[in-house]
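For reference, the structure discussed in these notes is given below.
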Amino acid sequence: MGRHSLPDQYGAGGSDPRVRSRRRTVALAAALVLVVAGSAAAAVDSGLLSFGSSCHDDPVRLAVAASPDLAPALTAAAKRAEDTGLTSDGQCLAVTVRARESSEVTRTLAEGGTPDAHVWVADSDLWVQRISSDRKATRVTPLGSVASTPVGVAMVPAAAKSLGWPTKTYTWLELAGTALRDGALRLGAADPTHSASGLLALTQVGAATSGVEGGDTQAAALMKALSQRTSDTDAEVLRTLPRDASAAERGDREHNQAVVVTEQAAFAYNSSAEESADLDLFYPKDGSPRLDYPYALVDKTRLTTDESRAAIRFMTYLRRAEQQRLLERYGFRTSDYDAPRAVVATAGGSSPQPFAAPAARSVSETAVEETLGMWTITVQRARLTTVVDTSSSMAEPMPGTERSRMDVTKASLLQALTTFTSEDEIGLWQFSTALDGARDYRVLVPTARLGAGAGADGGGTQRDRLTAAFGDLAPVPNGATGLYDTTLAAYRAATSSYVKGKFNALVILTDGVNEDPGSISRTALLTGLRELTSAERPVPLIMIAVGPEADREEAELIARTTGGSAQSVSDPSQIHTVILQAIVAAGTPGGAD
């Protein structure tokens, strides 16, 4: 057999293994090309690869408005993204982060404006909820959370030691209560109307007092004490602490010894402070609410496809492990189930403080509104005239109960009365038709300070007189609803008796529509209200439409003429809550527009 001969099995009728080998090689090469091509396509689609000219030539510009505490971390992440050439659909991302207070952005969005940003990262979902429930506000689309941090009470070492830190643990109510004991602890917080941490802490305190006898009074007293030491923002409240550990600074009554802050704020403070001035952090044992930093698109309908995709791309980038570590280096948590020991230790946390406990249960929107309402009337003081519909329809029974609309309304009004302090001014009118001669209304208790003593009639305090008058309210047999005449007369009285420095408002509760054929027209009512309304002496009209016969749209039209708001309730037992909600809306800039 010559060197060109082949073995028998390679002869005619056989198959050459070298051909099969070449075929396998071609098949494998083709498969590899497909895999590489598919991977490249996926990488390009996800923004990992780009072809052609440098992506820096035409980047997608993304503007982010972020809570001031998170802004430095996001700025660092944006710089890292630029340095590493992060792309979206083949285009580089040029991310600009601007620090904006969440309350400021909320106000802008509530007025229908935009914060000059494609993305908004507030410090709490509370702000997003407020915008989402406002039909007139600019829409935001939350995509998820990018970080979190629990809220606690940080103290200067001497104060913390006096309370047994770190061994002893306290509830929110116990910690807040120390501020009431002869000024034993100077406790400060950020204004809950501007700060989510302040609001969440206050809501926790309110929830704790709800099950305690005399809890409403206790909550009002706590709020009053705290209101004397509030700051506009979270950053400012930290500046109320002693500047050093000297006796002069610690003894200055103007300085707080304890502040309601987040773990991240305490982390940042301790990272820059002298060791002797480090704060110790209490984590309340009944749960620490958390700021959750929701990442949201602002008015996504105006965003281009490139901007929307770039915004989503940056968010997924923030969820990478290396960016999560970056956020932790700035004092944030990145998991609901993990408390980074380095973050806790730097923030002033220590065992057995429950820093690793699950977050406090999410508070309801109703609880938040009630807390804000109580804060408003506690801090600012209120002057309210309440006008109650006593037409015959108020005798209608509540479905499924033996109680009438009037019975439930009276109980709810008595409950609302407990939330006001002795310095607040409250009055009561009733209305139907022809109650006082030709008048559809009658003044039952003139508006006066609740703590005012007995008058000539010897009827106890103003609170006592109102309690009795609420209890005596009764539907007028065959009485109709004289809404228009009553509304104008009550508003005229409220504006003429305006008290500067207090929250002045008129509250009208009705279960129907105007039924007085001899009254002024709705047009005349609206004209009269406009003439009485004054920006310098604001008296918002709060109308509460009770039951199915009430006209919510008309109530809203009438109320908004004065800068007020209308609320609708199917059950009169909700009146207490909606009064507080309406006070918040009327007392918030843009809230009643």
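Naming works like this for the structure tokens: A, B, ... for the chains as they're shown, residue 1 at the start of each chain, ligands 1 onward in shown order.
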Please identify which residues in region 61-273 of chain A DSSP calls strand (DSSP E or B) from the backbone, and express them as a PDB file with C-alpha atoms, in the first residue's frame.
ATOM      1  CA  ARG A  61     -29.113  64.101  28.839  1.00  0.00           C
ATOM      2  CA  LEU A  62     -31.002  63.107  31.961  1.00  0.00           C
ATOM      3  CA  ALA A  63     -31.897  65.616  34.675  1.00  0.00           C
ATOM      4  CA  VAL A  64     -32.593  64.218  38.149  1.00  0.00           C
ATOM      5  CA  ALA A  65     -34.135  66.172  41.037  1.00  0.00           C
ATOM      6  CA  ALA A  66     -33.144  64.339  44.216  1.00  0.00           C
ATOM      7  CA  THR A  87     -24.909  53.770  27.525  1.00  0.00           C
ATOM      8  CA  SER A  88     -28.566  53.483  26.695  1.00  0.00           C
ATOM      9  CA  GLN A  91     -25.863  56.555  23.466  1.00  0.00           C
ATOM     10  CA  CYS A  92     -23.907  57.696  26.486  1.00  0.00           C
ATOM     11  CA  LEU A  93     -25.804  58.920  29.502  1.00  0.00           C
ATOM     12  CA  ALA A  94     -25.075  62.430  30.726  1.00  0.00           C
ATOM     13  CA  VAL A  95     -26.828  62.518  34.111  1.00  0.00           C
ATOM     14  CA  THR A  96     -27.114  65.755  36.066  1.00  0.00           C
ATOM     15  CA  VAL A  97     -28.296  65.551  39.659  1.00  0.00           C
ATOM     16  CA  ARG A  98     -29.738  68.571  41.431  1.00  0.00           C
ATOM     17  CA  ALA A  99     -30.608  68.633  45.141  1.00  0.00           C
ATOM     18  CA  VAL A 119     -36.662  62.006  37.148  1.00  0.00           C
ATOM     19  CA  TRP A 120     -37.642  62.840  40.703  1.00  0.00           C
ATOM     20  CA  VAL A 121     -36.204  60.929  43.661  1.00  0.00           C
ATOM     21  CA  VAL A 140     -45.396  61.125  38.244  1.00  0.00           C
ATOM     22  CA  THR A 141     -44.720  57.444  37.566  1.00  0.00           C
ATOM     23  CA  PRO A 142     -42.831  55.630  40.356  1.00  0.00           C
ATOM     24  CA  LEU A 143     -40.574  52.812  39.175  1.00  0.00           C
ATOM     25  CA  GLY A 144     -39.297  51.537  42.508  1.00  0.00           C
ATOM     26  CA  SER A 145     -37.088  52.397  45.443  1.00  0.00           C
ATOM     27  CA  SER A 148     -33.818  53.418  52.385  1.00  0.00           C
ATOM     28  CA  THR A 149     -32.996  54.651  55.873  1.00  0.00           C
ATOM     29  CA  PRO A 150     -34.860  54.289  59.187  1.00  0.00           C
ATOM     30  CA  VAL A 151     -35.985  57.227  61.321  1.00  0.00           C
ATOM     31  CA  GLY A 152     -34.887  57.404  64.948  1.00  0.00           C
ATOM     32  CA  VAL A 153     -33.939  59.818  67.713  1.00  0.00           C
ATOM     33  CA  ALA A 154     -30.293  60.919  67.904  1.00  0.00           C
ATOM     34  CA  MET A 155     -28.932  62.416  71.112  1.00  0.00           C
ATOM     35  CA  LEU A 187     -36.119  67.506  71.543  1.00  0.00           C
ATOM     36  CA  GLY A 188     -36.152  68.996  68.046  1.00  0.00           C
ATOM     37  CA  ALA A 189     -37.473  67.841  64.691  1.00  0.00           C
ATOM     38  CA  ALA A 190     -38.012  69.080  61.174  1.00  0.00           C
ATOM     39  CA  THR A 230     -38.949  72.645  64.909  1.00  0.00           C
ATOM     40  CA  SER A 231     -36.732  73.542  61.956  1.00  0.00           C
ATOM     41  CA  ALA A 258     -31.946  65.297  70.848  1.00  0.00           C
ATOM     42  CA  VAL A 259     -33.323  65.393  67.319  1.00  0.00           C
ATOM     43  CA  VAL A 260     -35.615  63.241  65.192  1.00  0.00           C
ATOM     44  CA  VAL A 261     -33.425  62.262  62.235  1.00  0.00           C
ATOM     45  CA  THR A 262     -32.732  59.404  59.877  1.00  0.00           C
TER      46      THR A 262
END
Find the spatial neighbours of region 167-175 of chain A, counting only C-alpha atoms, within a cut-off of 6 Å - ignore same-chain residues fewer than 2 positions away - and output them as a list in words.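 Everything that qualifies: Gly164, Trp165, Gly177, Thr178, Val205, Pro284, Lys285, Asp286 and Pro352 of chain A.
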What does the file look like for those residues with N, CA, C and O atoms, as a PDB file, in the first residue's frame?
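Now in selection.pdb:
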ATOM      1  N   GLY A 164     -30.024  55.870  79.595  1.00  0.00           N
ATOM      2  CA  GLY A 164     -29.620  54.468  79.621  1.00  0.00           C
ATOM      3  C   GLY A 164     -29.195  53.882  78.295  1.00  0.00           C
ATOM      4  O   GLY A 164     -29.184  52.658  78.122  1.00  0.00           O
ATOM      5  N   TRP A 165     -28.852  54.741  77.304  1.00  0.00           N
ATOM      6  CA  TRP A 165     -28.384  54.233  76.009  1.00  0.00           C
ATOM      7  C   TRP A 165     -27.056  53.511  76.212  1.00  0.00           C
ATOM      8  O   TRP A 165     -26.223  53.947  77.006  1.00  0.00           O
ATOM      9  N   GLY A 177     -42.303  61.726  75.081  1.00  0.00           N
ATOM     10  CA  GLY A 177     -42.806  62.155  76.372  1.00  0.00           C
ATOM     11  C   GLY A 177     -41.755  62.763  77.265  1.00  0.00           C
ATOM     12  O   GLY A 177     -42.068  63.590  78.133  1.00  0.00           O
ATOM     13  N   THR A 178     -40.499  62.400  77.069  1.00  0.00           N
ATOM     14  CA  THR A 178     -39.436  62.982  77.896  1.00  0.00           C
ATOM     15  C   THR A 178     -39.324  64.488  77.679  1.00  0.00           C
ATOM     16  O   THR A 178     -38.830  65.208  78.543  1.00  0.00           O
ATOM     17  N   VAL A 205     -46.100  58.671  66.814  1.00  0.00           N
ATOM     18  CA  VAL A 205     -46.512  59.132  68.141  1.00  0.00           C
ATOM     19  C   VAL A 205     -48.035  59.202  68.223  1.00  0.00           C
ATOM     20  O   VAL A 205     -48.644  58.773  69.204  1.00  0.00           O
ATOM     21  N   PRO A 284     -36.525  53.336  68.117  1.00  0.00           N
ATOM     22  CA  PRO A 284     -37.698  53.000  68.933  1.00  0.00           C
ATOM     23  C   PRO A 284     -38.119  51.538  68.771  1.00  0.00           C
ATOM     24  O   PRO A 284     -38.149  51.009  67.663  1.00  0.00           O
ATOM     25  N   LYS A 285     -38.466  50.927  69.893  1.00  0.00           N
ATOM     26  CA  LYS A 285     -38.757  49.490  69.865  1.00  0.00           C
ATOM     27  C   LYS A 285     -40.124  49.164  69.273  1.00  0.00           C
ATOM     28  O   LYS A 285     -40.397  47.992  68.972  1.00  0.00           O
ATOM     29  N   ASP A 286     -40.978  50.186  69.102  1.00  0.00           N
ATOM     30  CA  ASP A 286     -42.248  49.903  68.432  1.00  0.00           C
ATOM     31  C   ASP A 286     -42.160  50.148  66.929  1.00  0.00           C
ATOM     32  O   ASP A 286     -43.170  50.200  66.234  1.00  0.00           O
ATOM     33  N   PRO A 352     -28.120  46.728  72.498  1.00  0.00           N
ATOM     34  CA  PRO A 352     -29.270  45.999  71.946  1.00  0.00           C
ATOM     35  C   PRO A 352     -30.340  46.891  71.307  1.00  0.00           C
ATOM     36  O   PRO A 352     -31.499  46.491  71.240  1.00  0.00           O
TER      37      PRO A 352
END
Write out as a CSV table (one decimal) with N, CA, C and O atoms, in the first residue's frame the residues lying within 12 Å of Thr376 (chain A), counting only C-alpha atoms and excluding same-chain residues fewer than 4 positions away.
chain,number,residue,atom,x,y,z
A,191,ASP,N,-40.0,70.3,60.6
A,191,ASP,CA,-41.4,70.6,60.4
A,191,ASP,C,-42.1,69.5,59.6
A,191,ASP,O,-41.7,69.3,58.5
A,192,PRO,N,-43.1,68.9,60.2
A,192,PRO,CA,-43.7,67.7,59.5
A,192,PRO,C,-44.4,68.1,58.2
A,192,PRO,O,-44.7,67.3,57.4
A,193,THR,N,-44.7,69.4,58.0
A,193,THR,CA,-45.3,69.9,56.7
A,193,THR,C,-44.3,70.0,55.6
A,193,THR,O,-44.6,70.0,54.5
A,220,ALA,N,-51.8,66.2,71.4
A,220,ALA,CA,-51.8,67.7,71.1
A,220,ALA,C,-50.7,68.3,72.0
A,220,ALA,O,-50.0,69.2,71.5
A,223,MET,N,-47.3,67.6,70.5
A,223,MET,CA,-47.1,68.4,69.3
A,223,MET,C,-46.8,69.8,69.6
A,223,MET,O,-45.9,70.5,69.0
A,224,LYS,N,-47.5,70.3,70.6
A,224,LYS,CA,-47.3,71.7,71.0
A,224,LYS,C,-45.8,71.9,71.5
A,224,LYS,O,-45.1,72.8,71.1
A,227,SER,N,-43.5,71.7,68.6
A,227,SER,CA,-43.6,72.8,67.7
A,227,SER,C,-42.7,74.0,68.1
A,227,SER,O,-42.3,74.8,67.3
A,369,GLU,N,-52.9,62.2,57.1
A,369,GLU,CA,-53.7,63.4,57.0
A,369,GLU,C,-54.2,63.9,58.4
A,369,GLU,O,-54.2,65.1,58.7
A,370,GLU,N,-54.6,62.9,59.2
A,370,GLU,CA,-55.1,63.3,60.5
A,370,GLU,C,-53.9,63.9,61.3
A,370,GLU,O,-54.1,64.9,62.1
A,371,THR,N,-52.7,63.4,61.2
A,371,THR,CA,-51.6,63.9,61.9
A,371,THR,C,-51.3,65.4,61.5
A,371,THR,O,-51.0,66.3,62.3
A,372,LEU,N,-51.3,65.6,60.2
A,372,LEU,CA,-51.0,66.9,59.6
A,372,LEU,C,-52.1,67.9,60.1
A,372,LEU,O,-51.8,69.0,60.4
A,380,GLN,N,-50.6,76.3,64.8
A,380,GLN,CA,-51.1,77.6,64.3
A,380,GLN,C,-52.2,78.2,65.1
A,380,GLN,O,-52.4,79.4,65.1
A,381,ARG,N,-52.9,77.4,65.8
A,381,ARG,CA,-54.2,77.7,66.5
A,381,ARG,C,-55.2,77.9,65.4
A,381,ARG,O,-55.0,78.4,64.3
A,382,ALA,N,-56.4,77.6,65.7
A,382,ALA,CA,-57.5,77.6,64.8
A,382,ALA,C,-58.7,78.5,65.2
A,382,ALA,O,-58.9,78.6,66.4
A,383,ARG,N,-59.3,79.1,64.3
A,383,ARG,CA,-60.6,79.8,64.5
A,383,ARG,C,-61.6,79.3,63.5
A,383,ARG,O,-61.5,79.7,62.3
A,419,THR,N,-59.8,67.2,69.5
A,419,THR,CA,-58.4,67.5,68.9
A,419,THR,C,-58.0,68.9,68.9
A,419,THR,O,-56.9,69.3,68.6
A,420,PHE,N,-58.9,69.8,69.4
A,420,PHE,CA,-58.6,71.2,69.5
A,420,PHE,C,-58.2,71.6,70.9
A,420,PHE,O,-58.7,71.0,71.9
A,421,THR,N,-57.2,72.5,71.0
A,421,THR,CA,-56.7,72.9,72.4
A,421,THR,C,-57.6,74.1,72.9
A,421,THR,O,-58.4,74.7,72.2
A,424,ASP,N,-57.7,77.3,70.9
A,424,ASP,CA,-58.4,77.4,69.6
A,424,ASP,C,-59.8,78.0,69.8
A,424,ASP,O,-60.4,77.9,70.9
A,502,LYS,N,-54.0,83.3,63.3
A,502,LYS,CA,-54.7,82.0,63.5
A,502,LYS,C,-55.2,81.5,62.2
A,502,LYS,O,-55.3,82.2,61.2
A,503,PHE,N,-55.4,80.2,62.2
A,503,PHE,CA,-56.0,79.5,61.0
A,503,PHE,C,-57.5,79.8,61.0
A,503,PHE,O,-58.2,79.1,61.7
A,504,ASN,N,-58.0,80.7,60.2
A,504,ASN,CA,-59.4,81.0,60.1
A,504,ASN,C,-60.1,80.2,59.1
A,504,ASN,O,-59.5,80.1,57.9
A,579,ILE,N,-62.5,66.7,58.1
A,579,ILE,CA,-62.3,68.1,58.6
A,579,ILE,C,-60.8,68.3,58.7
A,579,ILE,O,-60.2,69.4,58.3
A,580,LEU,N,-60.1,67.3,59.3
A,580,LEU,CA,-58.6,67.5,59.4
A,580,LEU,C,-58.0,67.5,58.0
A,580,LEU,O,-57.0,68.2,57.7
A,581,GLN,N,-58.4,66.6,57.1
A,581,GLN,CA,-57.9,66.6,55.7
A,581,GLN,C,-58.1,68.0,55.0
A,581,GLN,O,-57.2,68.5,54.4
A,582,ALA,N,-59.3,68.5,55.2
A,582,ALA,CA,-59.6,69.8,54.6
A,582,ALA,C,-58.7,70.9,55.2
A,582,ALA,O,-58.3,71.8,54.5
A,583,ILE,N,-58.5,70.9,56.5
A,583,ILE,CA,-57.6,71.9,57.1
A,583,ILE,C,-56.2,71.8,56.5
A,583,ILE,O,-55.6,72.8,56.2
A,584,VAL,N,-55.7,70.6,56.3
A,584,VAL,CA,-54.4,70.4,55.7
A,584,VAL,C,-54.4,71.0,54.3
A,584,VAL,O,-53.5,71.7,53.9
A,585,ALA,N,-55.4,70.7,53.5
A,585,ALA,CA,-55.5,71.2,52.1
A,585,ALA,C,-55.6,72.7,52.1
A,585,ALA,O,-54.9,73.3,51.3
A,586,ALA,N,-56.4,73.3,53.0
A,586,ALA,CA,-56.5,74.7,53.0
A,586,ALA,C,-55.2,75.4,53.5
A,586,ALA,O,-54.9,76.5,53.1
A,587,GLY,N,-54.5,74.7,54.4
A,587,GLY,CA,-53.3,75.4,55.0
A,587,GLY,C,-52.1,75.1,54.2
A,587,GLY,O,-51.0,75.6,54.6
A,588,THR,N,-52.1,74.3,53.1
A,588,THR,CA,-51.0,74.0,52.3
A,588,THR,C,-51.0,74.9,51.1
A,588,THR,O,-52.0,74.9,50.4
So how many Å separate CA of Arg449 (chain A) and CA of Glu423 (chain A), to one decimal?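 Those two atoms sit 5.7 Å apart.
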For region 391-403 of chain A, work out the shell of residues within 10 Å, counting only C-alpha atoms and skipping chain neighbours fewer than 2 positions away, then give it as a list in words.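 The neighbour list is Val388, Asp389, Arg405, Met406, Asp407, Val408, Thr409, Gln430, Phe431, Ser432, Thr433, Ala474, Pro475, Val476, Pro477, Asn478, Gly479, Ala480, Thr481, Gly482, Thr510, Asp511, Gly512, Val546, Gly547, Glu549, Ser570, Asp571 and Pro572 of chain A.
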Print the selection's residues with C-alpha atoms to a file, as a short mmCIF file (atom, residue, chain, number, x, y, z; two decimals), in the first residue's frame.
data_model
loop_
_atom_site.label_atom_id
_atom_site.label_comp_id
_atom_site.auth_asym_id
_atom_site.auth_seq_id
_atom_site.Cartn_x
_atom_site.Cartn_y
_atom_site.Cartn_z
CA VAL A 388 -74.46 72.17 60.55
CA ASP A 389 -77.42 71.23 58.34
CA ARG A 405 -77.39 60.86 60.01
CA MET A 406 -77.69 63.49 62.74
CA ASP A 407 -76.75 60.99 65.49
CA VAL A 408 -73.58 59.98 63.68
CA THR A 409 -72.77 63.59 62.74
CA GLN A 430 -77.34 75.42 62.54
CA PHE A 431 -79.40 75.89 59.39
CA SER A 432 -82.53 74.65 57.69
CA THR A 433 -85.26 77.03 56.43
CA ALA A 474 -81.76 67.75 66.13
CA PRO A 475 -83.37 67.63 62.67
CA VAL A 476 -86.09 70.26 62.12
CA PRO A 477 -89.40 68.56 61.21
CA ASN A 478 -90.30 69.38 57.60
CA GLY A 479 -87.24 71.63 57.43
CA ALA A 480 -85.62 72.10 54.02
CA THR A 481 -82.03 73.11 53.18
CA GLY A 482 -81.40 76.85 53.04
CA THR A 510 -74.83 69.56 54.51
CA ASP A 511 -76.58 66.44 53.27
CA GLY A 512 -78.48 68.13 50.44
CA VAL A 546 -72.73 64.21 53.60
CA GLY A 547 -74.68 61.36 52.03
CA GLU A 549 -78.20 63.59 48.10
CA SER A 570 -71.01 58.66 52.55
CA ASP A 571 -70.83 58.03 56.28
CA PRO A 572 -71.02 60.96 58.75
#
Residue neighbourhood Asp299 (chain A), 7 Å, only C-alpha atoms, exclusion window fewer than 2 positions, as a VMD selection string: chain A and resid 138 to 140 297 301 to 302
For the selection you just gave me, I'd like the residues written to a file as a short mmCIF file (atom, residue, chain, number, x, y, z; two decimals), in the first residue's frame, keeping N, CA, C and O atoms.
data_model
loop_
_atom_site.label_atom_id
_atom_site.label_comp_id
_atom_site.auth_asym_id
_atom_site.auth_seq_id
_atom_site.Cartn_x
_atom_site.Cartn_y
_atom_site.Cartn_z
N THR A 138 -49.20 67.58 38.30
CA THR A 138 -48.43 66.94 37.23
C THR A 138 -48.20 65.48 37.60
O THR A 138 -47.83 65.16 38.74
N ARG A 139 -48.40 64.59 36.67
CA ARG A 139 -48.32 63.15 36.95
C ARG A 139 -46.87 62.71 37.15
O ARG A 139 -45.94 63.19 36.49
N VAL A 140 -46.69 61.78 38.07
CA VAL A 140 -45.40 61.12 38.24
C VAL A 140 -45.61 59.62 38.20
O VAL A 140 -46.68 59.13 38.61
N LEU A 297 -40.58 58.83 37.22
CA LEU A 297 -40.55 59.65 36.01
C LEU A 297 -41.51 60.82 36.19
O LEU A 297 -42.59 60.67 36.74
N THR A 301 -45.40 61.52 29.71
CA THR A 301 -45.95 61.79 28.37
C THR A 301 -45.12 62.83 27.62
O THR A 301 -45.18 62.89 26.39
N ARG A 302 -44.37 63.66 28.34
CA ARG A 302 -43.56 64.68 27.67
C ARG A 302 -42.13 64.20 27.42
O ARG A 302 -41.34 64.89 26.77
#
My list of candidates is A:Tyr491, A:Glu263, A:Ala550, A:Arg290. Which is closest to Thr562 (chain A) when distances are computed with only C-alpha atoms?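 The answer is A:Tyr491, which sits nearest to Thr562 (chain A).
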